[in-house]
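Note: the block below is data.pdb and it holds PDB, C-alpha atoms, pLDDT in the B column.
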```pdb
ATOM      1  CA  MET A 126      86.516 102.299 129.807  1.00 79.00           C
ATOM      2  CA  LEU A 127      86.714 104.696 132.767  1.00 85.00           C
ATOM      3  CA  TYR A 128      87.910 107.523 130.513  1.00 87.00           C
ATOM      4  CA  ASP A 129      84.954 107.017 128.179  1.00 91.00           C
ATOM      5  CA  ALA A 130      82.502 106.967 131.094  1.00 91.00           C
ATOM      6  CA  LEU A 131      83.934 110.192 132.545  1.00 92.00           C
ATOM      7  CA  ARG A 132      83.767 111.994 129.196  1.00 92.00           C
ATOM      8  CA  TYR A 133      80.158 110.917 128.652  1.00 92.00           C
ATOM      9  CA  ASN A 134      79.351 112.078 132.169  1.00 93.00           C
ATOM     10  CA  ASP A 135      80.947 115.464 131.405  1.00 94.00           C
ATOM     11  CA  GLN A 136      78.674 115.857 128.380  1.00 93.00           C
ATOM     12  CA  TYR A 137      75.634 114.854 130.410  1.00 91.00           C
ATOM     13  CA  GLU A 138      76.432 117.295 133.190  1.00 92.00           C
ATOM     14  CA  GLN A 139      76.876 120.162 130.725  1.00 91.00           C
ATOM     15  CA  LEU A 140      73.430 119.467 129.303  1.00 91.00           C
ATOM     16  CA  THR A 141      71.742 119.175 132.715  1.00 91.00           C
ATOM     17  CA  LYS A 142      73.393 122.366 133.972  1.00 89.00           C
ATOM     18  CA  GLY A 143      72.118 124.218 130.925  1.00 89.00           C
ATOM     19  CA  HIS A 144      68.594 123.044 131.521  1.00 84.00           C
ATOM     20  CA  THR A 145      68.768 123.823 135.234  1.00 87.00           C
ATOM     21  CA  LYS A 146      69.831 127.364 134.427  1.00 86.00           C
ATOM     22  CA  GLY A 147      67.359 127.791 131.585  1.00 83.00           C
ATOM     23  CA  LYS A 148      64.470 125.992 133.297  1.00 83.00           C
ATOM     24  CA  ASP A 149      63.318 124.731 129.913  1.00 84.00           C
ATOM     25  CA  LEU A 150      62.373 121.098 130.603  1.00 82.00           C
ATOM     26  CA  HIS A 151      58.694 120.472 129.893  1.00 82.00           C
ATOM     27  CA  ASN A 152      57.551 117.211 131.463  1.00 85.00           C
ATOM     28  CA  SER A 153      58.211 114.804 134.324  1.00 83.00           C
ATOM     29  CA  GLU A 154      60.309 112.446 132.163  1.00 83.00           C
ATOM     30  CA  GLU A 155      62.654 115.257 131.186  1.00 82.00           C
ATOM     31  CA  PHE A 156      62.845 116.472 134.786  1.00 82.00           C
ATOM     32  CA  LEU A 157      63.750 112.942 135.860  1.00 82.00           C
ATOM     33  CA  THR A 158      66.552 112.490 133.319  1.00 85.00           C
ATOM     34  CA  GLY A 159      67.672 116.119 133.341  1.00 87.00           C
ATOM     35  CA  ILE A 160      67.780 116.332 129.542  1.00 86.00           C
ATOM     36  CA  SER A 161      65.389 116.455 126.622  1.00 85.00           C
ATOM     37  CA  LYS A 162      64.608 113.259 124.723  1.00 83.00           C
ATOM     38  CA  PHE A 163      65.794 115.016 121.561  1.00 86.00           C
ATOM     39  CA  GLU A 164      69.307 115.550 122.910  1.00 87.00           C
ATOM     40  CA  HIS A 165      72.163 113.129 122.337  1.00 91.00           C
ATOM     41  CA  LEU A 166      75.723 112.695 123.505  1.00 93.00           C
ATOM     42  CA  TYR A 167      78.654 112.756 121.123  1.00 94.00           C
ATOM     43  CA  PRO A 168      80.345 109.350 120.652  1.00 95.00           C
ATOM     44  CA  ILE A 169      83.813 108.838 122.106  1.00 93.00           C
ATOM     45  CA  ILE A 170      86.431 106.527 120.646  1.00 93.00           C
ATOM     46  CA  THR A 171      89.470 105.752 122.786  1.00 92.00           C
ATOM     47  CA  LEU A 172      92.466 104.391 120.903  1.00 92.00           C
ATOM     48  CA  CYS A 173      95.336 102.566 122.615  1.00 93.00           C
ATOM     49  CA  ILE A 174      98.582 102.941 120.631  1.00 93.00           C
ATOM     50  CA  TYR A 175     101.198 100.307 121.408  1.00 94.00           C
ATOM     51  CA  TRP A 176     104.770 101.271 120.459  1.00 91.00           C
ATOM     52  CA  GLY A 177     106.555  98.196 121.835  1.00 88.00           C
ATOM     53  CA  VAL A 178     108.835  95.834 119.959  1.00 84.00           C
ATOM     54  CA  LYS A 179     107.318  92.626 121.333  1.00 88.00           C
ATOM     55  CA  PRO A 180     103.807  91.702 120.142  1.00 90.00           C
ATOM     56  CA  TRP A 181     100.984  92.836 122.425  1.00 93.00           C
ATOM     57  CA  ASP A 182     100.146  89.967 124.786  1.00 92.00           C
ATOM     58  CA  GLY A 183      97.805  91.786 127.169  1.00 93.00           C
ATOM     59  CA  PRO A 184      94.005  91.545 127.307  1.00 94.00           C
ATOM     60  CA  LYS A 185      92.063  93.078 124.424  1.00 94.00           C
ATOM     61  CA  ASN A 186      88.686  93.253 126.136  1.00 94.00           C
ATOM     62  CA  LEU A 187      87.164  93.250 129.608  1.00 93.00           C
ATOM     63  CA  HIS A 188      86.182  89.579 129.498  1.00 95.00           C
ATOM     64  CA  GLU A 189      89.854  88.595 129.211  1.00 94.00           C
ATOM     65  CA  MET A 190      90.516  90.469 132.465  1.00 93.00           C
ATOM     66  CA  LEU A 191      87.621  88.970 134.423  1.00 95.00           C
ATOM     67  CA  ASP A 192      87.685  85.819 136.520  1.00 94.00           C
ATOM     68  CA  ILE A 193      84.423  84.345 135.231  1.00 92.00           C
ATOM     69  CA  SER A 194      83.575  81.255 137.256  1.00 94.00           C
ATOM     70  CA  PRO A 195      81.833  78.226 135.711  1.00 92.00           C
ATOM     71  CA  ALA A 196      78.668  79.255 137.537  1.00 92.00           C
ATOM     72  CA  MET A 197      78.785  82.688 135.854  1.00 93.00           C
ATOM     73  CA  ALA A 198      79.790  81.414 132.395  1.00 92.00           C
ATOM     74  CA  GLN A 199      76.153  81.167 131.276  1.00 94.00           C
ATOM     75  CA  TYR A 200      75.777  84.914 131.887  1.00 94.00           C
ATOM     76  CA  LYS A 201      78.986  85.894 130.070  1.00 93.00           C
ATOM     77  CA  ASP A 202      77.142  87.330 127.064  1.00 92.00           C
ATOM     78  CA  ARG A 203      75.294  89.686 129.421  1.00 93.00           C
ATOM     79  CA  ILE A 204      78.479  91.076 130.922  1.00 93.00           C
ATOM     80  CA  GLY A 205      79.694  94.203 129.145  1.00 92.00           C
ATOM     81  CA  ASN A 206      82.866  93.362 127.211  1.00 93.00           C
ATOM     82  CA  TYR A 207      84.312  96.797 126.302  1.00 92.00           C
ATOM     83  CA  PRO A 208      86.783  95.782 123.549  1.00 93.00           C
ATOM     84  CA  LEU A 209      90.109  97.612 123.418  1.00 93.00           C
ATOM     85  CA  ASN A 210      90.720  99.649 120.265  1.00 94.00           C
ATOM     86  CA  LEU A 211      94.352  98.636 119.883  1.00 95.00           C
ATOM     87  CA  LEU A 212      96.813  99.947 117.294  1.00 94.00           C
ATOM     88  CA  GLU A 213     100.093  98.009 117.254  1.00 95.00           C
ATOM     89  CA  VAL A 214     102.465 100.307 115.405  1.00 94.00           C
ATOM     90  CA  ARG A 215     104.815  97.542 114.256  1.00 92.00           C
ATOM     91  CA  LYS A 216     101.896  95.605 112.757  1.00 93.00           C
ATOM     92  CA  ILE A 217     100.454  98.449 110.678  1.00 94.00           C
ATOM     93  CA  GLU A 218     100.074  97.071 107.156  1.00 91.00           C
ATOM     94  CA  ASP A 219      99.440 100.224 105.137  1.00 93.00           C
ATOM     95  CA  LEU A 220     101.034 103.475 106.294  1.00 94.00           C
ATOM     96  CA  ASP A 221      99.428 105.346 103.394  1.00 92.00           C
ATOM     97  CA  HIS A 222      96.297 105.600 105.543  1.00 93.00           C
ATOM     98  CA  TYR A 223      98.242 108.205 107.544  1.00 93.00           C
ATOM     99  CA  GLN A 224      99.623 111.551 106.480  1.00 90.00           C
ATOM    100  CA  GLY A 225     102.331 114.068 107.375  1.00 89.00           C
ATOM    101  CA  GLU A 226     104.318 113.842 110.584  1.00 89.00           C
ATOM    102  CA  LEU A 227     102.086 111.117 112.006  1.00 92.00           C
ATOM    103  CA  LYS A 228     102.991 108.889 109.061  1.00 93.00           C
ATOM    104  CA  ALA A 229     106.681 109.692 109.538  1.00 90.00           C
ATOM    105  CA  LEU A 230     106.515 108.862 113.242  1.00 92.00           C
ATOM    106  CA  LEU A 231     104.613 105.612 112.772  1.00 94.00           C
ATOM    107  CA  GLY A 232     106.870 104.530 109.912  1.00 92.00           C
ATOM    108  CA  PHE A 233     110.069 105.257 111.807  1.00 89.00           C
ATOM    109  CA  VAL A 234     108.955 103.221 114.818  1.00 91.00           C
ATOM    110  CA  LYS A 235     107.565 100.405 112.646  1.00 92.00           C
ATOM    111  CA  TYR A 236     110.806  99.964 110.697  1.00 88.00           C
ATOM    112  CA  GLN A 237     113.286 101.052 113.366  1.00 81.00           C
ATOM    113  CA  SER A 238     114.606  97.533 113.929  1.00 78.00           C
ATOM    114  CA  ASP A 239     114.944  96.878 110.181  1.00 80.00           C
ATOM    115  CA  LYS A 240     117.526  99.326 108.838  1.00 77.00           C
ATOM    116  CA  LYS A 241     116.996  98.325 105.207  1.00 80.00           C
ATOM    117  CA  ALA A 242     113.232  98.851 105.406  1.00 86.00           C
ATOM    118  CA  LEU A 243     113.725 102.110 107.316  1.00 84.00           C
ATOM    119  CA  ASP A 244     116.141 103.413 104.681  1.00 81.00           C
ATOM    120  CA  HIS A 245     113.597 102.567 101.965  1.00 85.00           C
ATOM    121  CA  PHE A 246     110.823 104.315 103.899  1.00 89.00           C
ATOM    122  CA  VAL A 247     112.901 107.472 104.381  1.00 85.00           C
ATOM    123  CA  GLN A 248     113.887 107.574 100.700  1.00 83.00           C
ATOM    124  CA  GLU A 249     110.256 107.251  99.643  1.00 87.00           C
ATOM    125  CA  ASN A 250     109.258 110.111 101.958  1.00 86.00           C
ATOM    126  CA  THR A 251     112.259 112.430 101.705  1.00 83.00           C
ATOM    127  CA  ASP A 252     110.233 115.642 101.485  1.00 82.00           C
ATOM    128  CA  MET A 253     108.162 114.670 104.504  1.00 83.00           C
ATOM    129  CA  PHE A 254     111.236 114.034 106.650  1.00 81.00           C
ATOM    130  CA  ARG A 255     112.955 117.246 105.553  1.00 76.00           C
ATOM    131  CA  ASN A 256     110.067 119.360 106.803  1.00 75.00           C
ATOM    132  CA  ILE A 257     109.369 117.519 110.017  1.00 78.00           C
ATOM    133  CA  SER A 258     109.310 119.294 113.387  1.00 78.00           C
ATOM    134  CA  THR A 259     111.943 118.710 116.032  1.00 74.00           C
ATOM    135  CA  GLU A 260     109.183 117.694 118.475  1.00 79.00           C
ATOM    136  CA  THR A 261     108.186 114.793 116.221  1.00 83.00           C
ATOM    137  CA  LEU A 262     111.806 113.802 115.781  1.00 80.00           C
ATOM    138  CA  TYR A 263     112.267 113.672 119.533  1.00 80.00           C
ATOM    139  CA  ALA A 264     109.154 111.493 119.688  1.00 86.00           C
ATOM    140  CA  MET A 265     110.755 109.194 117.081  1.00 85.00           C
ATOM    141  CA  SER A 266     113.916 108.863 119.125  1.00 82.00           C
ATOM    142  CA  ILE A 267     112.015 108.102 122.343  1.00 84.00           C
ATOM    143  CA  LEU A 268     109.184 105.908 121.044  1.00 87.00           C
ATOM    144  CA  GLY A 269     111.593 104.147 118.684  1.00 82.00           C
ATOM    145  CA  ASN A 270     114.105 103.777 121.511  1.00 79.00           C
ATOM    146  CA  SER A 271     116.821 105.252 119.296  1.00 76.00           C
ATOM    147  CA  ARG A 272     119.622 106.780 121.315  1.00 74.00           C
ATOM    148  CA  GLU A 273     121.553 107.329 118.071  1.00 73.00           C
ATOM    149  CA  LEU A 274     118.833 109.615 116.722  1.00 75.00           C
ATOM    150  CA  GLN A 275     118.668 111.523 120.013  1.00 75.00           C
ATOM    151  CA  GLU A 276     122.391 112.167 119.867  1.00 75.00           C
ATOM    152  CA  ARG A 277     122.221 113.155 116.197  1.00 72.00           C
ATOM    153  CA  ILE A 278     119.419 115.645 116.824  1.00 71.00           C
ATOM    154  CA  THR A 279     121.400 117.249 119.648  1.00 74.00           C
ATOM    155  CA  GLN A 280     124.512 117.529 117.477  1.00 72.00           C
ATOM    156  CA  ILE A 281     122.681 119.159 114.584  1.00 67.00           C
ATOM    157  CA  LYS A 282     120.864 121.616 116.850  1.00 68.00           C
ATOM    158  CA  GLU A 283     124.161 122.679 118.358  1.00 71.00           C
ATOM    159  CA  GLN A 284     125.715 123.171 114.929  1.00 67.00           C
ATOM    160  CA  SER A 285     122.766 124.941 113.295  1.00 64.00           C
ATOM    161  CA  LYS A 286     122.125 128.652 113.559  1.00 57.00           C
ATOM    162  CA  ASN A 287     118.334 128.447 113.406  1.00 54.00           C
ATOM    163  CA  LEU A 288     115.460 126.004 113.594  1.00 49.00           C
ATOM    164  CA  GLU A 289     114.873 125.987 109.828  1.00 50.00           C
ATOM    165  CA  GLU A 290     118.309 124.504 109.221  1.00 50.00           C
ATOM    166  CA  VAL A 291     117.537 121.781 111.745  1.00 51.00           C
ATOM    167  CA  HIS A 292     114.394 120.843 109.807  1.00 51.00           C
ATOM    168  CA  ILE A 293     116.304 120.570 106.535  1.00 45.00           C
ATOM    169  CA  ASP A 294     119.104 118.440 107.978  1.00 50.00           C
ATOM    170  CA  MET A 295     116.939 115.853 109.765  1.00 61.00           C
ATOM    171  CA  CYS A 296     116.401 113.598 106.736  1.00 66.00           C
ATOM    172  CA  GLN A 297     120.133 113.314 106.251  1.00 66.00           C
ATOM    173  CA  ALA A 298     120.586 112.732 109.978  1.00 66.00           C
ATOM    174  CA  ILE A 299     118.348 109.671 109.862  1.00 69.00           C
ATOM    175  CA  ARG A 300     120.195 108.307 106.840  1.00 68.00           C
ATOM    176  CA  GLU A 301     123.539 108.845 108.547  1.00 67.00           C
ATOM    177  CA  MET A 302     122.217 107.000 111.591  1.00 66.00           C
ATOM    178  CA  ILE A 303     121.219 104.084 109.348  1.00 65.00           C
ATOM    179  CA  GLU A 304     124.651 104.034 107.691  1.00 65.00           C
ATOM    180  CA  GLU A 305     126.365 104.042 111.089  1.00 61.00           C
ATOM    181  CA  GLY A 306     124.240 101.075 112.096  1.00 58.00           C
ATOM    182  CA  ARG A 307     125.266  99.253 108.945  1.00 54.00           C
ATOM    183  CA  ALA A 308     128.928 100.011 109.600  1.00 52.00           C
ATOM    184  CA  GLU A 309     128.623  98.665 113.139  1.00 52.00           C
ATOM    185  CA  GLY A 310     126.926  95.555 111.772  1.00 52.00           C
ATOM    186  CA  ARG A 311     129.715  94.990 109.269  1.00 54.00           C
ATOM    187  CA  ALA A 312     132.326  95.403 112.002  1.00 52.00           C
ATOM    188  CA  GLU A 313     130.501  92.874 114.171  1.00 55.00           C
ATOM    189  CA  SER A 314     130.358  90.463 111.232  1.00 59.00           C
ATOM    190  CA  GLU A 315     134.087  90.814 110.629  1.00 59.00           C
ATOM    191  CA  ASN A 316     134.785  90.219 114.305  1.00 68.00           C
ATOM    192  CA  PHE A 317     132.756  87.005 114.385  1.00 70.00           C
ATOM    193  CA  LEU A 318     134.450  85.727 111.203  1.00 72.00           C
ATOM    194  CA  ASN A 319     137.879  86.427 112.620  1.00 73.00           C
ATOM    195  CA  ARG A 320     137.024  84.427 115.745  1.00 79.00           C
ATOM    196  CA  LEU A 321     135.811  81.521 113.619  1.00 79.00           C
ATOM    197  CA  TYR A 322     138.877  81.573 111.328  1.00 77.00           C
ATOM    198  CA  LEU A 323     141.286  81.672 114.271  1.00 78.00           C
ATOM    199  CA  GLN A 324     139.520  78.725 115.877  1.00 81.00           C
ATOM    200  CA  LEU A 325     139.762  76.723 112.653  1.00 81.00           C
ATOM    201  CA  LEU A 326     143.459  77.604 112.286  1.00 77.00           C
ATOM    202  CA  ASP A 327     144.172  76.558 115.865  1.00 79.00           C
ATOM    203  CA  ASP A 328     142.510  73.202 115.172  1.00 83.00           C
ATOM    204  CA  GLY A 329     144.334  72.754 111.873  1.00 83.00           C
ATOM    205  CA  ARG A 330     141.112  72.609 109.876  1.00 84.00           C
ATOM    206  CA  LEU A 331     142.424  74.341 106.746  1.00 80.00           C
ATOM    207  CA  GLU A 332     139.940  72.738 104.354  1.00 83.00           C
ATOM    208  CA  ASP A 333     137.031  73.834 106.544  1.00 83.00           C
ATOM    209  CA  LEU A 334     138.569  77.307 106.705  1.00 79.00           C
ATOM    210  CA  ARG A 335     138.696  77.607 102.907  1.00 77.00           C
ATOM    211  CA  ARG A 336     135.119  76.383 102.533  1.00 83.00           C
ATOM    212  CA  SER A 337     133.773  78.709 105.228  1.00 79.00           C
ATOM    213  CA  MET A 338     135.127  81.744 103.369  1.00 74.00           C
ATOM    214  CA  THR A 339     132.557  81.315 100.580  1.00 76.00           C
ATOM    215  CA  ASP A 340     129.796  79.190 102.102  1.00 82.00           C
ATOM    216  CA  ARG A 341     127.516  81.016 104.551  1.00 80.00           C
ATOM    217  CA  ASP A 342     125.517  77.922 105.418  1.00 84.00           C
ATOM    218  CA  TYR A 343     128.743  76.186 106.362  1.00 85.00           C
ATOM    219  CA  GLN A 344     129.697  79.210 108.465  1.00 82.00           C
ATOM    220  CA  LYS A 345     126.486  78.718 110.442  1.00 82.00           C
ATOM    221  CA  THR A 346     127.261  75.028 110.908  1.00 86.00           C
ATOM    222  CA  LEU A 347     130.771  75.769 112.177  1.00 86.00           C
ATOM    223  CA  CYS A 348     129.538  78.525 114.500  1.00 82.00           C
ATOM    224  CA  SER A 349     127.058  76.110 116.026  1.00 82.00           C
ATOM    225  CA  GLU A 350     129.842  73.577 116.447  1.00 85.00           C
ATOM    226  CA  TYR A 351     132.088  76.073 118.230  1.00 80.00           C
ATOM    227  CA  ASP A 352     129.202  77.671 120.145  1.00 80.00           C
ATOM    228  CA  LEU A 353     129.805  81.035 118.470  1.00 76.00           C
ATOM    229  CA  PRO A 354     127.014  83.552 117.697  1.00 70.00           C
ATOM    230  CA  TYR A 355     126.343  83.799 113.990  1.00 62.00           C
ATOM    231  CA  VAL A 356     126.213  87.434 112.884  1.00 56.00           C
ATOM    232  CA  PHE A 357     126.283  88.413 109.228  1.00 53.00           C
ATOM    233  CA  GLN A 358     125.370  91.653 107.483  1.00 48.00           C
TER     234      GLN A 358
END
```
Re-express the file's structure as structure tokens.
Amino acid sequence: MLYDALRYNDQYEQLTKGHTKGKDLHNSEEFLTGISKFEHLYPIITLCIYWGVKPWDGPKNLHEMLDISPAMAQYKDRIGNYPLNLLEVRKIEDLDHYQGELKALLGFVKYQSDKKALDHFVQENTDMFRNISTETLYAMSILGNSRELQERITQIKEQSKNLEEVHIDMCQAIREMIEEGRAEGRAESENFLNRLYLQLLDDGRLEDLRRSMTDRDYQKTLCSEYDLPYVFQ
């Protein structure tokens, strides 16, 4: 709201300064406003991009920020509302509306918490990721809160002789990061299963142990019983 007002004021001042210097206003109305009635300002659209994981729960217009008393409620429709043009990256439905590195950045952040969906997105846009700039990749690692990608970028830059090689290797770097995440997930799954099996052995529940080896729903039931976190990849 303030940004828009300042930018409109900048446009207005540029016009008035031009007329003051040129002395080309022709009537009292134009002298009063400082501009000609045939002149217009360019529209300004301010977009708020939200990169967070949690859904946006802040106000989306000025009315939601105001403390409008019951006495003022009847005048609410006369109070400027100034809606927020909000883009929640993780709620974007169709990434095909975007192109190039912007699409790659938005897609990486959108799917960053879903490794399977991210892998699919990268495979569908292999050429785009292979030719992406290191600046955009750093933005992916920061906005996507991916320390793994930051470390991978640093490793590849240190190993590469020039920037072009870095560009080519980035697609593979993202895929390797995804595979490492899968491996960590599998290791965590194995660890939780081992804890469950040991608990069942200690309690002499051999029949439950055999059933839990093939029945995931029963695994969940047993984990709840033993107050163990259920993790399965």
- Mind pulling up the distance from CA of Asp129 in chain A to CA of Leu187 in chain A?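 According to the coordinates, CA of Leu187 in chain A and CA of Asp129 in chain A are separated by 14.0 Å.
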- Could you jot down the CA of Tyr167 in chain A to CA of Asp202 in chain A separation for me, Å, one decimal place?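 Separation of CA of Tyr167 in chain A and CA of Asp202 in chain A: 26.2 Å.
The residue set within 9 Å of Met126 in chain A, counting all atoms listed in the file and dropping same-chain residues fewer than 6 places from it, reads Thr171, Tyr207 and Leu209 of chain A.
Between CA of Ser266 in chain A and CA of Pro354 in chain A the separation is 28.5 Å.
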- Task: Name the residues captured by the PyMOL selection byres ((chain A and resi 206) around 12) when it is applied to the shown file; answer as a ChimeraX atom specification.
- Result: /A:126,184-191,200-205,207-209
Can those selected residues be exported to a file as a compact mmCIF listing (two decimals), keeping the file's coordinate frame so that it contains C-alpha atoms?
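Result written to out.txt:
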```txt
# COMPACT_ATOMS: atom_id res chain seq x y z
CA MET A 126 86.52 102.30 129.81
CA PRO A 184 94.00 91.54 127.31
CA LYS A 185 92.06 93.08 124.42
CA ASN A 186 88.69 93.25 126.14
CA LEU A 187 87.16 93.25 129.61
CA HIS A 188 86.18 89.58 129.50
CA GLU A 189 89.85 88.60 129.21
CA MET A 190 90.52 90.47 132.46
CA LEU A 191 87.62 88.97 134.42
CA TYR A 200 75.78 84.91 131.89
CA LYS A 201 78.99 85.89 130.07
CA ASP A 202 77.14 87.33 127.06
CA ARG A 203 75.29 89.69 129.42
CA ILE A 204 78.48 91.08 130.92
CA GLY A 205 79.69 94.20 129.15
CA TYR A 207 84.31 96.80 126.30
CA PRO A 208 86.78 95.78 123.55
CA LEU A 209 90.11 97.61 123.42
```
- Would you translate the PyMOL selection byres ((chain A and resi 322) around 12) into the concrete set of residues it matches in this file, as JSON, numbers by chain? {"A": [315, 316, 317, 318, 319, 320, 321, 323, 324, 325, 326, 327, 328, 329, 330, 331, 332, 333, 334, 335, 336, 337, 338, 344, 347, 348, 351, 353]}
- Item | Selection under test: the PyMOL selection byres ((chain A and resi 140) around 12); residues as an MDAnalysis selection string | chainID A and resid 133:139 141:150 155 158:167
- Query: A:Asn152, A:Ser194, A:Gln237, A:Gln224: which is nearest Glu273 in chain A, counting all atoms listed in the file?
  - Reply: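 Ranked by minimum distance to Glu273 in chain A, first place goes to A:Gln237.
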